[in-house]
$ cat start-v3.cif   # mmCIF, C-alpha atoms
data_protein
loop_
_atom_site.label_atom_id
_atom_site.label_comp_id
_atom_site.auth_asym_id
_atom_site.auth_seq_id
_atom_site.Cartn_x
_atom_site.Cartn_y
_atom_site.Cartn_z
CA MET O 12 -7.35 -14.86 11.03
CA HIS O 13 -7.57 -11.83 13.32
CA GLU O 14 -11.25 -12.76 13.41
CA LEU O 15 -10.29 -15.11 16.26
CA SER O 16 -8.97 -12.17 18.31
CA ILE O 17 -12.09 -10.19 17.53
CA VAL O 18 -14.44 -13.03 18.49
CA GLU O 19 -12.48 -13.53 21.70
CA ALA O 20 -12.99 -9.84 22.52
CA LEU O 21 -16.66 -10.10 21.55
CA ILE O 22 -17.24 -13.13 23.81
CA ASN O 23 -15.71 -11.32 26.77
CA GLN O 24 -17.81 -8.27 25.98
CA VAL O 25 -21.04 -10.29 25.76
CA ARG O 26 -20.22 -11.90 29.12
CA ARG O 27 -19.71 -8.47 30.67
CA HIS O 28 -23.09 -7.24 29.47
CA ALA O 29 -25.30 -10.32 29.71
CA PRO O 30 -27.27 -10.62 32.96
CA ALA O 31 -26.38 -13.50 35.26
CA GLY O 32 -28.53 -16.53 34.58
CA GLY O 33 -29.74 -15.22 31.23
CA ARG O 34 -29.26 -17.41 28.19
CA VAL O 35 -27.91 -15.40 25.27
CA VAL O 36 -29.78 -16.34 22.09
CA ALA O 37 -28.52 -13.64 19.72
CA VAL O 38 -25.71 -11.11 19.45
CA ARG O 39 -26.01 -8.19 17.03
CA VAL O 40 -22.84 -6.65 15.65
CA GLU O 41 -22.27 -3.84 13.18
CA ILE O 42 -19.15 -3.96 10.99
CA GLY O 43 -17.99 -0.81 9.23
CA ALA O 44 -16.80 -1.04 5.63
CA ARG O 45 -13.26 -0.17 6.67
CA GLN O 46 -13.02 -3.15 9.02
CA SER O 47 -11.01 -5.96 7.44
CA ILE O 48 -13.30 -8.70 8.63
CA ASP O 49 -14.17 -11.70 6.57
CA GLU O 50 -17.76 -12.54 7.45
CA ASP O 51 -17.38 -16.29 6.90
CA SER O 52 -14.26 -16.44 9.09
CA PHE O 53 -16.04 -14.32 11.68
CA ARG O 54 -19.02 -16.68 11.85
CA PHE O 55 -16.79 -19.74 11.83
CA ALA O 56 -14.71 -18.33 14.70
CA TRP O 57 -17.88 -17.46 16.64
CA GLY O 58 -19.23 -20.99 16.26
CA ALA O 59 -15.91 -22.61 17.12
CA MET O 60 -15.13 -20.44 20.13
CA THR O 61 -18.61 -20.54 21.68
CA ALA O 62 -18.92 -24.34 21.30
CA SER O 63 -19.29 -26.07 24.68
CA THR O 64 -19.72 -22.75 26.45
CA GLU O 65 -22.85 -21.05 27.79
CA LEU O 66 -22.94 -19.10 24.49
CA GLU O 67 -23.17 -22.21 22.32
CA GLY O 68 -25.97 -21.84 19.79
CA ALA O 69 -26.26 -18.06 20.19
CA LEU O 70 -26.94 -16.50 16.80
CA LEU O 71 -24.38 -14.01 15.52
CA GLU O 72 -26.16 -11.34 13.50
CA ALA O 73 -23.50 -9.32 11.71
CA LYS O 74 -24.49 -6.32 9.62
CA VAL O 75 -21.76 -5.10 7.28
CA LEU O 76 -22.09 -1.43 6.40
CA PRO O 77 -21.37 -0.47 2.77
CA TRP O 78 -18.80 1.96 1.45
CA ARG O 79 -19.90 5.48 0.61
CA ILE O 80 -18.95 6.31 -2.97
CA GLU O 81 -18.84 9.95 -4.02
CA CYS O 82 -18.51 10.70 -7.73
CA ASP O 83 -16.31 13.64 -8.71
CA GLN O 84 -17.86 13.75 -12.19
CA CYS O 85 -21.58 13.91 -11.49
CA GLY O 86 -21.66 14.39 -7.72
CA ARG O 87 -23.72 11.28 -7.00
CA ILE O 88 -23.30 9.79 -3.55
CA GLY O 89 -24.03 6.09 -3.47
CA ALA O 90 -23.33 2.97 -1.46
CA ALA O 91 -21.44 -0.13 -2.60
CA ALA O 92 -19.78 -3.26 -1.26
CA ASP O 93 -16.72 -2.54 -3.45
CA PRO O 94 -14.90 0.72 -2.69
CA LEU O 95 -13.61 0.97 -6.26
CA GLN O 96 -16.98 0.43 -7.92
CA ARG O 97 -17.72 2.86 -10.76
CA CYS O 98 -20.31 5.56 -10.21
CA GLY O 99 -23.78 4.01 -10.35
CA ARG O 100 -25.14 6.93 -12.40
CA CYS O 101 -22.50 8.12 -14.87
CA GLY O 102 -20.10 5.14 -14.77
CA SER O 103 -17.09 7.31 -13.99
CA GLU O 104 -14.04 5.95 -12.19
CA GLN O 105 -13.43 9.38 -10.70
CA THR O 106 -14.86 8.35 -7.36
CA ARG O 107 -13.82 8.69 -3.75
CA ALA O 108 -14.58 5.99 -1.22
CA SER O 109 -15.12 6.46 2.49
CA GLY O 110 -16.59 4.34 5.22
CA SER O 111 -16.90 3.65 8.89
CA ASP O 112 -14.19 1.75 10.73
CA ASP O 113 -16.49 1.00 13.64
CA LEU O 114 -16.88 -2.54 14.90
CA ARG O 115 -19.63 -2.42 17.48
CA LEU O 116 -21.69 -4.72 19.60
CA LEU O 117 -25.18 -3.25 19.24
CA SER O 118 -27.33 -5.50 21.39
CA ILE O 119 -27.73 -8.87 23.03
CA GLU O 120 -30.91 -10.91 22.98
CA VAL O 121 -31.42 -12.88 26.16
CA ALA O 122 -34.03 -15.58 26.85
CA ASP O 123 -34.97 -17.27 30.11
CA ALA O 124 -33.82 -14.29 32.09
CA VAL O 125 -34.09 -14.75 35.80
CA ALA O 126 -37.38 -13.19 36.83
CA ALA O 127 -36.95 -9.90 38.56
CA GLU O 128 -37.53 -9.96 42.26
CA GLY O 129 -41.20 -9.49 43.01
CA ALA O 130 -42.32 -10.37 39.52
CA PHE O 131 -44.76 -12.90 40.89
CA SER O 132 -45.95 -10.85 43.81
CA GLU O 133 -49.39 -10.37 42.28
CA CYS O 134 -49.81 -14.03 41.59
CA PRO O 135 -52.82 -15.33 43.58
CA SER O 136 -51.69 -17.80 46.14
CA MET S 6 -35.13 -9.43 26.58
CA ASN S 7 -33.09 -7.18 24.32
CA ILE S 8 -30.11 -5.50 25.93
CA GLN S 9 -28.83 -2.45 24.07
CA VAL S 10 -25.05 -2.13 24.29
CA VAL S 11 -23.56 -0.08 21.40
CA GLU S 12 -19.89 -0.39 22.32
CA SER S 13 -16.74 -1.06 20.33
CA VAL S 14 -15.93 -4.77 20.29
CA LEU S 15 -12.26 -3.86 20.60
CA LYS S 16 -12.92 -1.52 23.51
CA LEU S 17 -10.36 -3.23 25.76
CA ASN S 18 -7.65 -2.96 23.10
CA ASP S 19 -8.71 0.62 22.34
CA ASP S 20 -8.55 1.55 26.02
CA VAL S 21 -4.99 0.20 26.35
CA ALA S 22 -4.05 1.95 23.10
CA GLU S 23 -5.35 5.26 24.42
CA ARG S 24 -3.28 4.83 27.58
CA ASN S 25 -0.22 4.00 25.44
CA ARG S 26 -0.88 7.14 23.41
CA ALA S 27 -1.17 9.28 26.53
CA ILE S 28 2.09 7.90 27.95
CA LEU S 29 4.00 8.31 24.69
CA ARG S 30 2.70 11.81 23.99
CA GLY S 31 3.39 12.73 27.59
CA LYS S 32 7.04 11.91 26.94
CA GLY S 33 7.04 13.90 23.69
CA ILE S 34 7.47 10.75 21.60
CA PHE S 35 6.14 10.60 18.03
CA THR S 36 4.95 7.05 17.30
CA LEU S 37 4.53 5.38 13.93
CA ASN S 38 2.81 2.06 13.16
CA LEU S 39 4.25 0.59 9.94
CA ILE S 40 1.98 -1.93 8.22
CA GLY S 41 2.73 -3.88 5.05
CA GLY S 42 2.85 -7.38 3.63
CA PRO S 43 5.71 -9.80 4.24
CA GLY S 44 8.72 -8.92 2.10
CA CYS S 45 7.59 -5.44 1.07
CA GLY S 46 10.74 -3.99 2.67
CA LYS S 47 9.62 -2.73 6.05
CA THR S 48 12.73 -3.77 7.95
CA LEU S 49 15.17 -2.47 5.34
CA LEU S 50 13.29 0.83 5.20
CA LEU S 51 13.63 1.14 8.97
CA GLU S 52 17.34 0.23 8.84
CA ARG S 53 17.88 3.01 6.26
CA THR S 54 15.76 5.38 8.33
CA LEU S 55 17.74 4.64 11.49
CA ALA S 56 21.03 5.10 9.68
CA ALA S 57 19.92 8.45 8.24
CA LEU S 58 18.28 9.93 11.32
CA ARG S 59 20.08 8.47 14.34
CA GLU S 60 22.42 11.46 14.64
CA LYS S 61 19.47 13.86 14.53
CA MET S 62 17.06 12.21 16.98
CA ARG S 63 16.76 9.41 19.50
CA ILE S 64 14.90 6.50 17.95
CA ALA S 65 13.51 3.26 19.37
CA VAL S 66 11.98 0.32 17.54
CA ILE S 67 9.36 -2.24 18.49
CA VAL S 68 9.15 -5.01 15.93
CA GLY S 69 6.55 -7.75 15.69
CA ASP S 70 7.07 -11.12 14.04
CA LEU S 71 5.56 -14.54 14.52
CA ALA S 72 9.00 -15.93 15.26
CA THR S 73 12.73 -15.14 15.45
CA ALA S 74 14.60 -12.04 16.62
CA ARG S 75 16.24 -11.54 13.23
CA ASP S 76 14.64 -8.15 12.59
CA ALA S 77 15.61 -6.90 16.04
CA GLU S 78 19.19 -8.06 15.41
CA ARG S 79 19.28 -6.22 12.09
CA MET S 80 17.96 -2.98 13.50
CA GLY S 81 19.96 -3.34 16.70
CA ALA S 82 23.05 -2.58 14.63
CA PHE S 83 21.73 0.96 14.16
CA CYS S 84 19.80 1.60 17.35
CA PRO S 85 20.35 0.82 21.06
CA GLN S 86 16.68 0.49 21.90
CA VAL S 87 15.02 -2.35 19.98
CA VAL S 88 12.38 -4.70 21.37
CA GLN S 89 11.26 -7.78 19.45
CA ILE S 90 7.76 -9.09 20.07
CA ASN S 91 7.16 -12.67 18.97
CA THR S 92 3.46 -13.15 18.49
CA GLY S 93 3.64 -16.95 18.08
CA LYS S 94 0.66 -17.52 15.83
CA GLY S 95 -0.71 -13.98 16.19
CA CYS S 96 -1.14 -12.24 12.86
CA HIS S 97 -0.99 -8.67 14.21
CA LEU S 98 0.23 -6.62 17.17
CA GLU S 99 -2.21 -5.60 19.89
CA ALA S 100 -2.01 -2.64 22.25
CA HIS S 101 -1.15 -4.69 25.35
CA GLN S 102 1.87 -6.20 23.57
CA VAL S 103 3.13 -2.73 22.74
CA ARG S 104 2.56 -1.72 26.37
CA GLN S 105 4.74 -4.63 27.53
CA ALA S 106 7.41 -3.65 25.03
CA MET S 107 7.22 -0.02 26.19
CA GLU S 108 8.10 -1.20 29.69
CA ARG S 109 11.41 -2.46 28.32
CA LEU S 110 12.28 0.88 26.72
CA ASP S 111 13.74 3.98 28.35
CA LEU S 112 10.92 6.29 27.27
CA GLY S 113 12.73 9.37 28.55
CA GLU S 114 15.40 8.83 25.89
CA ILE S 115 13.19 8.60 22.79
CA ASP S 116 11.97 11.16 20.24
CA LEU S 117 10.66 8.73 17.64
CA LEU S 118 9.17 5.27 18.22
CA LEU S 119 8.93 3.09 15.13
CA ILE S 120 6.61 0.09 15.43
CA GLU S 121 7.04 -2.48 12.67
CA ASN S 122 3.88 -4.55 12.67
CA VAL S 123 3.66 -8.23 11.71
CA GLY S 124 3.94 -8.60 7.93
CA ASN S 125 0.29 -8.62 6.93
CA LEU S 126 -1.90 -6.32 4.84
CA VAL S 127 -5.14 -7.18 6.62
CA CYS S 128 -5.17 -7.99 10.31
CA PRO S 129 -3.01 -5.21 11.83
CA VAL S 130 -5.18 -2.45 10.37
CA GLY S 131 -8.02 -2.62 12.90
CA PHE S 132 -5.91 -2.75 16.06
CA ASP S 133 -4.99 0.62 17.51
CA LEU S 134 -1.61 0.46 19.23
CA GLY S 135 -1.48 4.03 20.48
CA GLN S 136 0.41 5.39 17.47
CA ASP S 137 0.23 8.93 16.12
CA VAL S 138 0.23 7.79 12.50
CA LYS S 139 -0.25 4.62 10.51
CA VAL S 140 1.93 4.12 7.47
CA GLY S 141 0.86 1.60 4.84
CA MET S 142 3.64 0.06 2.76
CA PHE S 143 3.41 -1.61 -0.63
CA ALA S 144 6.05 -2.76 -3.12
CA THR S 145 6.14 -2.83 -6.91
CA THR S 146 7.01 -6.53 -6.78
CA GLU S 147 3.63 -7.28 -5.16
CA GLY S 148 1.82 -6.18 -8.29
CA PRO S 149 -0.35 -3.10 -8.79
CA ASP S 150 -3.62 -4.47 -7.39
CA LYS S 151 -2.75 -4.58 -3.71
CA PRO S 152 -4.43 -1.25 -2.77
CA ALA S 153 -7.60 -2.36 -4.55
CA LYS S 154 -7.50 -5.78 -2.89
CA TYR S 155 -6.60 -4.44 0.56
CA PRO S 156 -8.50 -1.14 0.65
CA GLN S 157 -8.77 -0.98 4.44
CA LEU S 158 -5.05 -0.36 4.87
CA VAL S 159 -5.07 2.48 2.34
CA CYS S 160 -8.09 4.06 4.02
CA ALA S 161 -6.53 3.84 7.49
CA ALA S 162 -3.11 5.18 6.47
CA ASP S 163 -1.79 8.68 7.00
CA LEU S 164 0.94 7.98 4.47
CA VAL S 165 1.34 5.24 1.87
CA LEU S 166 4.77 4.11 0.69
CA LEU S 167 5.44 2.38 -2.60
CA ASN S 168 8.79 0.62 -2.21
CA LYS S 169 11.09 -1.16 -4.67
CA MET S 170 10.80 1.57 -7.30
CA ASP S 171 14.28 0.42 -8.39
CA LEU S 172 12.67 -2.82 -9.60
CA LEU S 173 9.84 -1.15 -11.50
CA LYS S 174 11.44 -1.82 -14.88
CA TYR S 175 11.66 -5.54 -14.16
CA VAL S 176 8.04 -6.14 -13.15
CA SER S 177 4.64 -5.72 -14.69
CA PHE S 178 3.28 -2.79 -12.77
CA ASP S 179 0.83 -0.11 -13.91
CA LEU S 180 2.02 2.81 -11.80
CA ALA S 181 -0.76 5.14 -12.93
CA GLN S 182 -3.42 2.58 -12.03
CA TRP S 183 -1.83 2.05 -8.61
CA HIS S 184 -1.86 5.80 -7.89
CA ARG S 185 -5.43 6.13 -9.18
CA ASP S 186 -6.69 3.34 -6.91
CA VAL S 187 -4.94 4.81 -3.87
CA ALA S 188 -6.42 8.26 -4.55
CA ARG S 189 -9.93 6.85 -4.98
CA LEU S 190 -9.66 4.99 -1.69
CA ASN S 191 -8.13 7.82 0.32
CA SER S 192 -8.12 11.21 -1.32
CA ARG S 193 -6.23 12.82 1.57
CA VAL S 194 -3.38 10.33 1.95
CA ARG S 195 0.23 11.33 1.30
CA VAL S 196 1.98 8.97 -1.15
CA VAL S 197 5.74 8.47 -1.28
CA GLU S 198 7.63 6.35 -3.82
CA CYS S 199 10.91 4.94 -2.56
CA ALA S 200 13.60 2.31 -3.02
CA ALA S 201 15.00 1.23 0.32
CA TYR S 202 17.55 -1.09 -1.29
CA THR S 203 19.24 1.74 -3.21
CA ASN S 204 18.66 4.12 -0.28
CA ASP S 205 16.46 6.39 -2.35
CA LEU S 206 13.86 7.33 0.22
CA GLY S 207 12.34 10.35 -1.52
CA PRO S 208 10.51 12.74 0.82
CA TRP S 209 10.10 10.02 3.50
CA LEU S 210 12.85 11.25 5.83
CA GLY S 211 11.76 14.87 5.54
CA TRP S 212 8.16 13.94 6.32
CA LEU S 213 9.28 12.01 9.39
CA GLU S 214 11.58 14.78 10.63
CA GLU S 215 8.81 17.32 10.27
CA ARG S 216 6.39 15.12 12.25
CA VAL S 217 8.89 14.42 15.01
CA GLY S 218 9.64 18.15 15.27
CA LYS S 219 5.99 18.80 16.01
CA ALA S 220 5.60 15.99 18.57
#
$ encode --input "start-v3.cif" --output "structure tokens"
Amino acid sequence: MHELSIVEALINQVRRHAPAGGRVVAVRVEIGARQSIDEDSFRFAWGAMTASTELEGALLEAKVLPWRIECDQCGRIGAAADPLQRCGRCGSEQTRASGSDDLRLLSIEVADAVAAEGAFSECPS
Amino acid sequence: MNIQVVESVLKLNDDVAERNRAILRGKGIFTLNLIGGPGCGKTLLLERTLAALREKMRIAVIVGDLATARDAERMGAFCPQVVQINTGKGCHLEAHQVRQAMERLDLGEIDLLLIENVGNLVCPVGFDLGQDVKVGMFATTEGPDKPAKYPQLVCAADLVLLNKMDLLKYVSFDLAQWHRDVARLNSRVRVVECAAYTNDLGPWLGWLEERVGKA
């Protein structure tokens, strides 16, 4: 359950980047294939650890990147969720897997942001 | 409003790890992060390693476990500088814990720092501690499918050990399949078969000595 540690880090990171007064409605995260993160545990930890906080209800959008599978037999380069999947073209097991180990917060969606100063200056009085 | 961030979620851990790395390299210390499942033989391997190399280099150990100081007591018999980290319920070591342990070591008196991570094939992989190399450890008694089931460790490792080769004849283990899976997951990784119990460490000690010599 290192997903708890990761969600804890993510919550702190979101708080650092979210503007004061803004309600966070969605958090977009990219998970490289080489990250050992169980998506269900990740979502469960996010829900549990944001409950009763200002982040409660914020949607966690996690995109898991696939493995890159290179076939030594036919040279095909494909993508797969399983790093030991056979080549999608020739069926060979002579493949090499690689993938990203990035785990990145991409963006934060914020609603009800505090209006910037002067935003209503053109409003007729 | 959409706020673009694009930043590592583990940035705080990574930052501490980078500082650890800078401190350790600044002292000329070669640092190894040993990751493997519970019972694969990590502690015995390190005991054998300490016994074999302690006359040749100054070695320190940081060992992580959920509870007890038993591993530190075992390795303390071979090495004056051992720090036990008890993670409580934590399933992996993080960079700040290693930093705290480093503060209890005399870094000026170390050539090789061995970090034995919490016994776990999954969680420790993603947390940089500031090491120079990660070593992934498996054992024949775990069955041959562990690399396939835990590919992230194989991909992250600079060297993969297969321990308990002395027990190979007693277990059902397809050695060729194990090697094939490891090679498909990480075509560049160095693989070493060993048997810590019978003190047959293969090229492990030579590999370590060569790395420490370059640190």
$ closest_residue --input "start-v3.cif" --among "O:Ala73, O:Cys82, O:Cys101, O:Ala122" --to "Arg39 (chain O)" --atoms "all atoms listed in the file"
O:Ala73
$ atom_distance --input "start-v3.cif" --atom1 "CA of Ile119 (chain O)" --atom2 "CA of Leu98 (chain S)"
28.7 Å
$ closest_residue --input "start-v3.cif" --among "S:Lys174, S:Leu126, S:Gly31, S:Leu164" --to "Thr146 (chain S)" --atoms "all atoms listed in the file"
S:Lys174
$ resolve_selection --input "start-v3.cif" --expression "the PyMOL selection byres ((chain S and resi 195) around 8)" --output "PyMOL selection string"
chain S and resi 163-165+193-194+196-197
$ closest_atom_pairs --input "start-v3.cif" --of "chain O" --to "chain S" --cutoff "6 Å" --atoms "all atoms listed in the file" --output "tab-separated table"
residue	atom	partner	partner_atom	distance
O:His13	CA	S:Cys128	CA	5.4
O:Leu21	CA	S:Val14	CA	5.5
O:Arg45	CA	S:Gln157	CA	5.1
O:Thr106	CA	S:Arg189	CA	5.7
O:Arg107	CA	S:Arg189	CA	4.5
O:Ala108	CA	S:Leu190	CA	5.0
O:Leu114	CA	S:Ser13	CA	5.6
O:Arg115	CA	S:Ser13	CA	4.3
O:Leu116	CA	S:Val11	CA	5.3
O:Leu117	CA	S:Val11	CA	4.2
O:Ser118	CA	S:Gln9	CA	4.3
O:Ile119	CA	S:Ile8	CA	5.0
O:Glu120	CA	S:Asn7	CA	4.5
O:Val121	CA	S:Met6	CA	5.1
$ write_last_selection --input "start-v3.cif" --atoms "C-alpha atoms" --output "PDB file, in the coordinates of the input"
ATOM      1  CA  HIS O  13      -7.570 -11.830  13.320  1.00  0.00           C
ATOM      2  CA  LEU O  21     -16.660 -10.100  21.550  1.00  0.00           C
ATOM      3  CA  ARG O  45     -13.260  -0.170   6.670  1.00  0.00           C
ATOM      4  CA  THR O 106     -14.860   8.350  -7.360  1.00  0.00           C
ATOM      5  CA  ARG O 107     -13.820   8.690  -3.750  1.00  0.00           C
ATOM      6  CA  ALA O 108     -14.580   5.990  -1.220  1.00  0.00           C
ATOM      7  CA  LEU O 114     -16.880  -2.540  14.900  1.00  0.00           C
ATOM      8  CA  ARG O 115     -19.630  -2.420  17.480  1.00  0.00           C
ATOM      9  CA  LEU O 116     -21.690  -4.720  19.600  1.00  0.00           C
ATOM     10  CA  LEU O 117     -25.180  -3.250  19.240  1.00  0.00           C
ATOM     11  CA  SER O 118     -27.330  -5.500  21.390  1.00  0.00           C
ATOM     12  CA  ILE O 119     -27.730  -8.870  23.030  1.00  0.00           C
ATOM     13  CA  GLU O 120     -30.910 -10.910  22.980  1.00  0.00           C
ATOM     14  CA  VAL O 121     -31.420 -12.880  26.160  1.00  0.00           C
TER      15      VAL O 121
END
$ atom_distance --input "start-v3.cif" --atom1 "CA of Ala201 (chain S)" --atom2 "CA of Ile40 (chain S)"
15.6 Å
$ atom_distance --input "start-v3.cif" --atom1 "CA of Ala29 (chain O)" --atom2 "CA of Ile48 (chain O)"
24.3 Å
$ resolve_selection --input "start-v3.cif" --expression "the PyMOL selection byres ((chain S and resi 83) around 9)" --output "PyMOL selection string"
chain S and resi 52+55-56+59+79-82+84-85
$ resolve_selection --input "start-v3.cif" --expression "the PyMOL selection byres ((chain O and resi 50-65) around 9)" --output "list in words"
Met12, His13, Glu14, Leu15, Ile17, Val18, Glu19, Leu21, Ile22, Arg34, Val35, Ile48, Asp49, Leu66, Glu67, Gly68, Ala69, Leu70, Leu71, Ala73 and Val75 of chain O
$ closest_residue --input "start-v3.cif" --among "S:Val176, S:Leu166, S:Ile120, S:Leu213" --to "Gly46 (chain S)" --atoms "only C-alpha atoms"
S:Leu166
$ build_atoms --input "start-v3.cif" --residues "region 64-85 of chain O" --atoms "N, CA and C atoms" --output "PDB file, in the frame of the given file"
ATOM      1  N   THR O  64     -19.654 -23.793  25.424  1.00  0.00           N
ATOM      2  CA  THR O  64     -19.720 -22.750  26.450  1.00  0.00           C
ATOM      3  C   THR O  64     -21.192 -22.378  26.624  1.00  0.00           C
ATOM      4  N   GLU O  65     -21.461 -21.468  27.577  1.00  0.00           N
ATOM      5  CA  GLU O  65     -22.850 -21.050  27.790  1.00  0.00           C
ATOM      6  C   GLU O  65     -23.391 -20.264  26.594  1.00  0.00           C
ATOM      7  N   LEU O  66     -22.502 -19.867  25.673  1.00  0.00           N
ATOM      8  CA  LEU O  66     -22.940 -19.100  24.490  1.00  0.00           C
ATOM      9  C   LEU O  66     -23.183 -20.003  23.277  1.00  0.00           C
ATOM     10  N   GLU O  67     -22.987 -21.298  23.448  1.00  0.00           N
ATOM     11  CA  GLU O  67     -23.170 -22.210  22.320  1.00  0.00           C
ATOM     12  C   GLU O  67     -24.589 -22.068  21.751  1.00  0.00           C
ATOM     13  N   GLY O  68     -24.672 -21.946  20.455  1.00  0.00           N
ATOM     14  CA  GLY O  68     -25.970 -21.840  19.790  1.00  0.00           C
ATOM     15  C   GLY O  68     -26.471 -20.411  19.655  1.00  0.00           C
ATOM     16  N   ALA O  69     -25.827 -19.458  20.324  1.00  0.00           N
ATOM     17  CA  ALA O  69     -26.260 -18.060  20.190  1.00  0.00           C
ATOM     18  C   ALA O  69     -26.018 -17.596  18.757  1.00  0.00           C
ATOM     19  N   LEU O  70     -27.018 -16.939  18.189  1.00  0.00           N
ATOM     20  CA  LEU O  70     -26.940 -16.500  16.800  1.00  0.00           C
ATOM     21  C   LEU O  70     -26.087 -15.233  16.712  1.00  0.00           C
ATOM     22  N   LEU O  71     -25.172 -15.213  15.761  1.00  0.00           N
ATOM     23  CA  LEU O  71     -24.380 -14.010  15.520  1.00  0.00           C
ATOM     24  C   LEU O  71     -24.983 -13.278  14.323  1.00  0.00           C
ATOM     25  N   GLU O  72     -25.575 -12.133  14.586  1.00  0.00           N
ATOM     26  CA  GLU O  72     -26.160 -11.340  13.500  1.00  0.00           C
ATOM     27  C   GLU O  72     -25.208 -10.194  13.192  1.00  0.00           C
ATOM     28  N   ALA O  73     -24.493 -10.330  12.073  1.00  0.00           N
ATOM     29  CA  ALA O  73     -23.500  -9.320  11.710  1.00  0.00           C
ATOM     30  C   ALA O  73     -24.009  -8.506  10.521  1.00  0.00           C
ATOM     31  N   LYS O  74     -24.061  -7.204  10.701  1.00  0.00           N
ATOM     32  CA  LYS O  74     -24.490  -6.320   9.620  1.00  0.00           C
ATOM     33  C   LYS O  74     -23.272  -5.553   9.121  1.00  0.00           C
ATOM     34  N   VAL O  75     -22.927  -5.786   7.857  1.00  0.00           N
ATOM     35  CA  VAL O  75     -21.760  -5.100   7.280  1.00  0.00           C
ATOM     36  C   VAL O  75     -22.235  -3.829   6.579  1.00  0.00           C
ATOM     37  N   LEU O  76     -21.690  -2.704   7.003  1.00  0.00           N
ATOM     38  CA  LEU O  76     -22.090  -1.430   6.400  1.00  0.00           C
ATOM     39  C   LEU O  76     -21.356  -1.227   5.076  1.00  0.00           C
ATOM     40  N   PRO O  77     -22.018  -0.652   4.079  1.00  0.00           N
ATOM     41  CA  PRO O  77     -21.370  -0.470   2.770  1.00  0.00           C
ATOM     42  C   PRO O  77     -20.425   0.733   2.752  1.00  0.00           C
ATOM     43  N   TRP O  78     -19.634   0.779   1.700  1.00  0.00           N
ATOM     44  CA  TRP O  78     -18.800   1.960   1.450  1.00  0.00           C
ATOM     45  C   TRP O  78     -19.688   3.091   0.934  1.00  0.00           C
ATOM     46  N   ARG O  79     -19.250   4.305   1.182  1.00  0.00           N
ATOM     47  CA  ARG O  79     -19.900   5.480   0.610  1.00  0.00           C
ATOM     48  C   ARG O  79     -19.050   5.913  -0.580  1.00  0.00           C
ATOM     49  N   ILE O  80     -19.682   5.986  -1.737  1.00  0.00           N
ATOM     50  CA  ILE O  80     -18.950   6.310  -2.970  1.00  0.00           C
ATOM     51  C   ILE O  80     -19.424   7.666  -3.482  1.00  0.00           C
ATOM     52  N   GLU O  81     -18.496   8.609  -3.532  1.00  0.00           N
ATOM     53  CA  GLU O  81     -18.840   9.950  -4.020  1.00  0.00           C
ATOM     54  C   GLU O  81     -18.195  10.148  -5.384  1.00  0.00           C
ATOM     55  N   CYS O  82     -19.006  10.529  -6.365  1.00  0.00           N
ATOM     56  CA  CYS O  82     -18.510  10.700  -7.730  1.00  0.00           C
ATOM     57  C   CYS O  82     -18.057  12.142  -7.962  1.00  0.00           C
ATOM     58  N   ASP O  83     -16.834  12.302  -8.427  1.00  0.00           N
ATOM     59  CA  ASP O  83     -16.310  13.640  -8.710  1.00  0.00           C
ATOM     60  C   ASP O  83     -16.850  14.189 -10.025  1.00  0.00           C
ATOM     61  N   GLN O  84     -17.343  13.312 -10.888  1.00  0.00           N
ATOM     62  CA  GLN O  84     -17.860  13.750 -12.190  1.00  0.00           C
ATOM     63  C   GLN O  84     -19.273  14.299 -12.090  1.00  0.00           C
ATOM     64  N   CYS O  85     -20.171  13.494 -11.490  1.00  0.00           N
ATOM     65  CA  CYS O  85     -21.580  13.910 -11.490  1.00  0.00           C
ATOM     66  C   CYS O  85     -22.089  14.240 -10.082  1.00  0.00           C
TER      67      CYS O  85
END
